[in-house]
Amino acid sequence: MNIKNDLKYFSKKIKYLIGIDEVGRGSLAGPVIVAAILFNKKKLKELNRRFKNLKIELRDSKKLNCLQRQKIYDIIKKSSVIFSVSSSSHKFINKRNINNAIFSAAKRALKKIIEKNQAKNYKVIIDGNLKIPNLEICQETVIKGDEKLFSIACASIVAKVIRDRIMIRLSNKYPEYYFFKNKGYGTKDHIEILKNKGYCEIHRQNFLKKII
């Protein structure tokens with residue numbers, strides 16, 4: 001993935017770019033995770049060079065296997081790039097709906113980033129077509145942003161790695177649902193289990209109305 005699309009956002013007014021993406025929007029169980037990652041031009045180019053040196057191709061997290069995602073996540077974590085992760089639980093999703101859950105997690109992730117960086121002149125770029133409501137920072141949505149923008153792709157991978165770890169831990173508590181394998185998504189096997197056993201504590205009940 002070329003960083004030229006990200007570099008276009010920088011200007012005299014915009015010194016920092018914050019890429020945001022969520023993972024778990026369509027899952028039937030567990031939390032939704034939002035990651036935010038901050039770059040200036042120097043950090044963007046630096047991390048891009050690291051990936052190229054290790055011959056790792058940065059792509060949308062869904063198009064990478066777990067080992068590839070883990071390698072990229074490790075590089076991001078060991079770099080000096082600032083990132084943060086926030087979540088909204090299945091309870092929040094059941095009560096407030098998935099979009100509000102994502103907005104809430106995104107605002108919390110952004111707050112952590114800003115507290116860590118203590119700077120101004122941000123531009124927030126978000127995967128998808130829904131802007132975060134009541135956000136004072138300049139923001140822009142990008143459909144399929146995780147395929148077009150380096151910063152959003154990095155956020156996508158961070159969120160995916162973190163959420164997969166959570167679902168694997170939850171699988172130990174609810175082994176009959178095989179969350180370690182399906183990560184809560186509506187696979188054929190998962191839906192069959194739901195029809196036979198019903199839902200468990202961490203399922204999003206408002207997602208199951210047409211299934212069970």
# chains A, B, ... in the order shown; residues from 1 in each chain; ligands from 1
call {"tool": "closest_atom_pairs", "arguments": {"of": "region 130-185 of chain A", "to": "region 8-32 of chain A", "cutoff": "6 Å", "atoms": "only C-alpha atoms", "output": "tab-separated table"}}
result
residue	atom	partner	partner_atom	distance
A:Ser151	CA	A:Gly19	CA	4.8
A:Ile152	CA	A:Gly19	CA	4.5
A:Ala155	CA	A:Asp21	CA	5.5
A:Ser156	CA	A:Asp21	CA	5.2
A:Ala159	CA	A:Val23	CA	5.9
A:Lys160	CA	A:Val23	CA	5.8
A:Gly184	CA	A:Ala29	CA	4.8
A:Tyr185	CA	A:Ser27	CA	4.2
call {"tool": "write_last_selection", "arguments": {"atoms": "C-alpha atoms", "output": "mmCIF file, in the first residue's frame"}}
result
data_model
loop_
_atom_site.group_PDB
_atom_site.id
_atom_site.type_symbol
_atom_site.label_atom_id
_atom_site.label_comp_id
_atom_site.auth_asym_id
_atom_site.auth_seq_id
_atom_site.Cartn_x
_atom_site.Cartn_y
_atom_site.Cartn_z
ATOM 1 C CA SER A 151 -3.081 5.022 8.411
ATOM 2 C CA ILE A 152 -6.532 3.410 8.367
ATOM 3 C CA ALA A 155 -5.744 0.978 12.664
ATOM 4 C CA SER A 156 -7.690 -1.900 11.124
ATOM 5 C CA ALA A 159 -8.207 -3.441 16.128
ATOM 6 C CA LYS A 160 -8.402 -6.883 14.527
ATOM 7 C CA GLY A 184 -18.439 -14.301 16.974
ATOM 8 C CA TYR A 185 -19.325 -13.831 13.309
#
call {"tool": "residues_around", "arguments": {"residues": "Gln139 (chain A)", "least_positions_apart": "4", "cutoff": "8 Å", "atoms": "only C-alpha atoms", "output": "count of residues only"}}
result
5
call {"tool": "select_by_dssp", "arguments": {"residues": "region 41-188 of chain A", "states": "strand (DSSP E or B)", "output": "number ranges by chain"}}
result
A: 82-88, 122-127, 139-142
call {"tool": "write_last_selection", "arguments": {"atoms": "C-alpha atoms", "output": "PDB file, in the first residue's frame"}}
result
ATOM      1  CA  ILE A  82       1.048   6.638  19.144  1.00  0.00           C
ATOM      2  CA  PHE A  83      -2.081   4.504  18.997  1.00  0.00           C
ATOM      3  CA  SER A  84      -5.007   3.696  21.264  1.00  0.00           C
ATOM      4  CA  VAL A  85      -7.770   1.107  21.391  1.00  0.00           C
ATOM      5  CA  SER A  86     -11.242   1.355  22.918  1.00  0.00           C
ATOM      6  CA  SER A  87     -14.223  -0.989  22.971  1.00  0.00           C
ATOM      7  CA  SER A  88     -17.971  -1.062  23.445  1.00  0.00           C
ATOM      8  CA  TYR A 122      -5.300  17.090  13.600  1.00  0.00           C
ATOM      9  CA  LYS A 123      -7.173  15.536  10.716  1.00  0.00           C
ATOM     10  CA  VAL A 124      -9.213  12.430  11.528  1.00  0.00           C
ATOM     11  CA  ILE A 125      -9.873   9.960   8.716  1.00  0.00           C
ATOM     12  CA  ILE A 126     -12.401   7.214   9.352  1.00  0.00           C
ATOM     13  CA  ASP A 127     -13.103   4.037   7.441  1.00  0.00           C
ATOM     14  CA  GLN A 139     -12.846  14.588  10.200  1.00  0.00           C
ATOM     15  CA  GLU A 140     -13.408  12.855   6.885  1.00  0.00           C
ATOM     16  CA  THR A 141     -14.893   9.474   6.033  1.00  0.00           C
ATOM     17  CA  VAL A 142     -13.353   7.227   3.381  1.00  0.00           C
TER      18      VAL A 142
END
call {"tool": "atom_distance", "arguments": {"atom1": "CA of Ile157 (chain A)", "atom2": "CA of Lys62 (chain A)"}}
result
8.5 Å
call {"tool": "select_by_dssp", "arguments": {"residues": "chain A", "states": "helix (DSSP H, G or I)", "output": "ChimeraX atom specification"}}
result
/A:4-7,41-53,61-63,66-78,90-96,98-117,145-148,150-173,175-177,179-182,188-197,205-207
call {"tool": "closest_residue", "arguments": {"among": "A:Gln68, A:Leu38, A:Pro133, A:Ile211", "to": "Ala119 (chain A)", "atoms": "only C-alpha atoms"}}
result
A:Leu38
call {"tool": "residues_around", "arguments": {"residues": "Leu194 (chain A)", "least_positions_apart": "5", "cutoff": "9 Å", "atoms": "only C-alpha atoms", "output": "list of chain:residue names"}}
result
A:Tyr177, A:Asp189, A:Tyr199, A:Cys200, A:Leu208, A:Ile211, A:Ile212
call {"tool": "closest_residue", "arguments": {"among": "A:Leu110, A:Leu170, A:Ile132, A:Cys154", "to": "Lys77 (chain A)", "atoms": "only C-alpha atoms"}}
result
A:Cys154
call {"tool": "closest_residue", "arguments": {"among": "A:Ser61, A:Asn94, A:Asn40, A:Gln70", "to": "Glu201 (chain A)", "atoms": "only C-alpha atoms"}}
result
A:Asn94
call {"tool": "residues_around", "arguments": {"residues": "Lys148 (chain A)", "least_positions_apart": "6", "cutoff": "9 Å", "atoms": "only C-alpha atoms", "output": "number ranges by chain"}}
result
A: 1-3, 5-6, 59-60, 142
call {"tool": "residues_around", "arguments": {"residues": "Lys197 (chain A)", "least_positions_apart": "5", "cutoff": "12 Å", "atoms": "only C-alpha atoms", "output": "PyMOL selection string"}}
result
chain A and resi 174+176-177+190-192+212
call {"tool": "decode", "arguments": {"residues": "region 61-157 of chain A", "atoms": "C-alpha atoms", "output": "PDB file, in the first residue's frame"}}
result
ATOM      1  CA  SER A  61      -6.795  -6.689   7.919  1.00  0.00           C
ATOM      2  CA  LYS A  62      -9.442  -9.031   6.453  1.00  0.00           C
ATOM      3  CA  LYS A  63      -7.081  -9.861   3.582  1.00  0.00           C
ATOM      4  CA  LEU A  64      -4.214 -10.919   5.848  1.00  0.00           C
ATOM      5  CA  ASN A  65      -3.851 -14.117   7.840  1.00  0.00           C
ATOM      6  CA  CYS A  66      -3.377 -14.060  11.596  1.00  0.00           C
ATOM      7  CA  LEU A  67       0.420 -14.426  11.435  1.00  0.00           C
ATOM      8  CA  GLN A  68       0.740 -11.542   8.977  1.00  0.00           C
ATOM      9  CA  ARG A  69      -1.491  -9.339  11.132  1.00  0.00           C
ATOM     10  CA  GLN A  70       0.511 -10.211  14.223  1.00  0.00           C
ATOM     11  CA  LYS A  71       3.808  -9.282  12.557  1.00  0.00           C
ATOM     12  CA  ILE A  72       2.420  -5.911  11.479  1.00  0.00           C
ATOM     13  CA  TYR A  73       0.903  -5.314  14.919  1.00  0.00           C
ATOM     14  CA  ASP A  74       4.242  -6.090  16.595  1.00  0.00           C
ATOM     15  CA  ILE A  75       6.049  -3.598  14.360  1.00  0.00           C
ATOM     16  CA  ILE A  76       3.475  -0.903  15.122  1.00  0.00           C
ATOM     17  CA  LYS A  77       3.650  -1.598  18.852  1.00  0.00           C
ATOM     18  CA  LYS A  78       7.457  -1.520  18.942  1.00  0.00           C
ATOM     19  CA  SER A  79       7.611   1.705  16.949  1.00  0.00           C
ATOM     20  CA  SER A  80       7.199   5.134  18.513  1.00  0.00           C
ATOM     21  CA  VAL A  81       3.860   5.637  16.766  1.00  0.00           C
ATOM     22  CA  ILE A  82       1.048   6.638  19.144  1.00  0.00           C
ATOM     23  CA  PHE A  83      -2.081   4.504  18.997  1.00  0.00           C
ATOM     24  CA  SER A  84      -5.007   3.696  21.264  1.00  0.00           C
ATOM     25  CA  VAL A  85      -7.770   1.107  21.391  1.00  0.00           C
ATOM     26  CA  SER A  86     -11.242   1.355  22.918  1.00  0.00           C
ATOM     27  CA  SER A  87     -14.223  -0.989  22.971  1.00  0.00           C
ATOM     28  CA  SER A  88     -17.971  -1.062  23.445  1.00  0.00           C
ATOM     29  CA  SER A  89     -19.453  -4.183  24.981  1.00  0.00           C
ATOM     30  CA  HIS A  90     -22.257  -6.421  23.758  1.00  0.00           C
ATOM     31  CA  LYS A  91     -24.413  -4.839  26.488  1.00  0.00           C
ATOM     32  CA  PHE A  92     -23.840  -1.359  25.082  1.00  0.00           C
ATOM     33  CA  ILE A  93     -24.581  -2.616  21.571  1.00  0.00           C
ATOM     34  CA  ASN A  94     -27.806  -4.292  22.716  1.00  0.00           C
ATOM     35  CA  LYS A  95     -28.920  -1.132  24.467  1.00  0.00           C
ATOM     36  CA  ARG A  96     -27.718   1.659  22.169  1.00  0.00           C
ATOM     37  CA  ASN A  97     -27.191  -0.032  18.738  1.00  0.00           C
ATOM     38  CA  ILE A  98     -23.963  -0.736  16.871  1.00  0.00           C
ATOM     39  CA  ASN A  99     -23.385   2.730  15.382  1.00  0.00           C
ATOM     40  CA  ASN A 100     -23.623   4.459  18.750  1.00  0.00           C
ATOM     41  CA  ALA A 101     -21.334   1.793  20.198  1.00  0.00           C
ATOM     42  CA  ILE A 102     -18.721   2.530  17.525  1.00  0.00           C
ATOM     43  CA  PHE A 103     -19.037   6.303  17.963  1.00  0.00           C
ATOM     44  CA  SER A 104     -18.592   5.966  21.728  1.00  0.00           C
ATOM     45  CA  ALA A 105     -15.480   3.791  21.382  1.00  0.00           C
ATOM     46  CA  ALA A 106     -14.043   6.071  18.676  1.00  0.00           C
ATOM     47  CA  LYS A 107     -14.412   9.168  20.863  1.00  0.00           C
ATOM     48  CA  ARG A 108     -12.669   7.422  23.758  1.00  0.00           C
ATOM     49  CA  ALA A 109      -9.846   6.228  21.507  1.00  0.00           C
ATOM     50  CA  LEU A 110      -9.410   9.759  20.143  1.00  0.00           C
ATOM     51  CA  LYS A 111      -9.359  11.241  23.645  1.00  0.00           C
ATOM     52  CA  LYS A 112      -6.500   8.910  24.602  1.00  0.00           C
ATOM     53  CA  ILE A 113      -4.553   9.878  21.481  1.00  0.00           C
ATOM     54  CA  ILE A 114      -4.950  13.604  22.110  1.00  0.00           C
ATOM     55  CA  GLU A 115      -4.013  13.252  25.787  1.00  0.00           C
ATOM     56  CA  LYS A 116      -0.837  11.394  24.777  1.00  0.00           C
ATOM     57  CA  ASN A 117       0.185  13.781  22.013  1.00  0.00           C
ATOM     58  CA  GLN A 118      -0.798  17.165  23.491  1.00  0.00           C
ATOM     59  CA  ALA A 119      -0.854  18.864  20.102  1.00  0.00           C
ATOM     60  CA  LYS A 120      -3.278  20.488  17.690  1.00  0.00           C
ATOM     61  CA  ASN A 121      -3.784  20.565  13.915  1.00  0.00           C
ATOM     62  CA  TYR A 122      -5.300  17.090  13.600  1.00  0.00           C
ATOM     63  CA  LYS A 123      -7.173  15.536  10.716  1.00  0.00           C
ATOM     64  CA  VAL A 124      -9.213  12.430  11.528  1.00  0.00           C
ATOM     65  CA  ILE A 125      -9.873   9.960   8.716  1.00  0.00           C
ATOM     66  CA  ILE A 126     -12.401   7.214   9.352  1.00  0.00           C
ATOM     67  CA  ASP A 127     -13.103   4.037   7.441  1.00  0.00           C
ATOM     68  CA  GLY A 128     -16.658   3.910   6.085  1.00  0.00           C
ATOM     69  CA  ASN A 129     -19.253   6.601   5.472  1.00  0.00           C
ATOM     70  CA  LEU A 130     -20.404   7.606   8.975  1.00  0.00           C
ATOM     71  CA  LYS A 131     -18.887  10.632  10.682  1.00  0.00           C
ATOM     72  CA  ILE A 132     -18.520  10.717  14.460  1.00  0.00           C
ATOM     73  CA  PRO A 133     -21.237  13.058  15.768  1.00  0.00           C
ATOM     74  CA  ASN A 134     -20.405  16.078  17.919  1.00  0.00           C
ATOM     75  CA  LEU A 135     -16.693  15.877  17.181  1.00  0.00           C
ATOM     76  CA  GLU A 136     -14.844  19.194  17.181  1.00  0.00           C
ATOM     77  CA  ILE A 137     -11.804  17.832  15.353  1.00  0.00           C
ATOM     78  CA  CYS A 138     -11.794  17.991  11.549  1.00  0.00           C
ATOM     79  CA  GLN A 139     -12.846  14.588  10.200  1.00  0.00           C
ATOM     80  CA  GLU A 140     -13.408  12.855   6.885  1.00  0.00           C
ATOM     81  CA  THR A 141     -14.893   9.474   6.033  1.00  0.00           C
ATOM     82  CA  VAL A 142     -13.353   7.227   3.381  1.00  0.00           C
ATOM     83  CA  ILE A 143     -15.270   4.278   1.976  1.00  0.00           C
ATOM     84  CA  LYS A 144     -12.963   1.244   1.883  1.00  0.00           C
ATOM     85  CA  GLY A 145     -10.385   3.380   3.636  1.00  0.00           C
ATOM     86  CA  ASP A 146      -8.616   0.288   4.954  1.00  0.00           C
ATOM     87  CA  GLU A 147      -7.789  -0.576   1.329  1.00  0.00           C
ATOM     88  CA  LYS A 148      -6.769   2.948   0.289  1.00  0.00           C
ATOM     89  CA  LEU A 149      -5.005   4.595   3.238  1.00  0.00           C
ATOM     90  CA  PHE A 150      -1.962   3.408   5.151  1.00  0.00           C
ATOM     91  CA  SER A 151      -3.081   5.022   8.411  1.00  0.00           C
ATOM     92  CA  ILE A 152      -6.532   3.410   8.367  1.00  0.00           C
ATOM     93  CA  ALA A 153      -5.086   0.021   7.371  1.00  0.00           C
ATOM     94  CA  CYS A 154      -2.778   0.179  10.416  1.00  0.00           C
ATOM     95  CA  ALA A 155      -5.744   0.978  12.664  1.00  0.00           C
ATOM     96  CA  SER A 156      -7.690  -1.900  11.124  1.00  0.00           C
ATOM     97  CA  ILE A 157      -4.920  -4.384  11.901  1.00  0.00           C
TER      98      ILE A 157
END
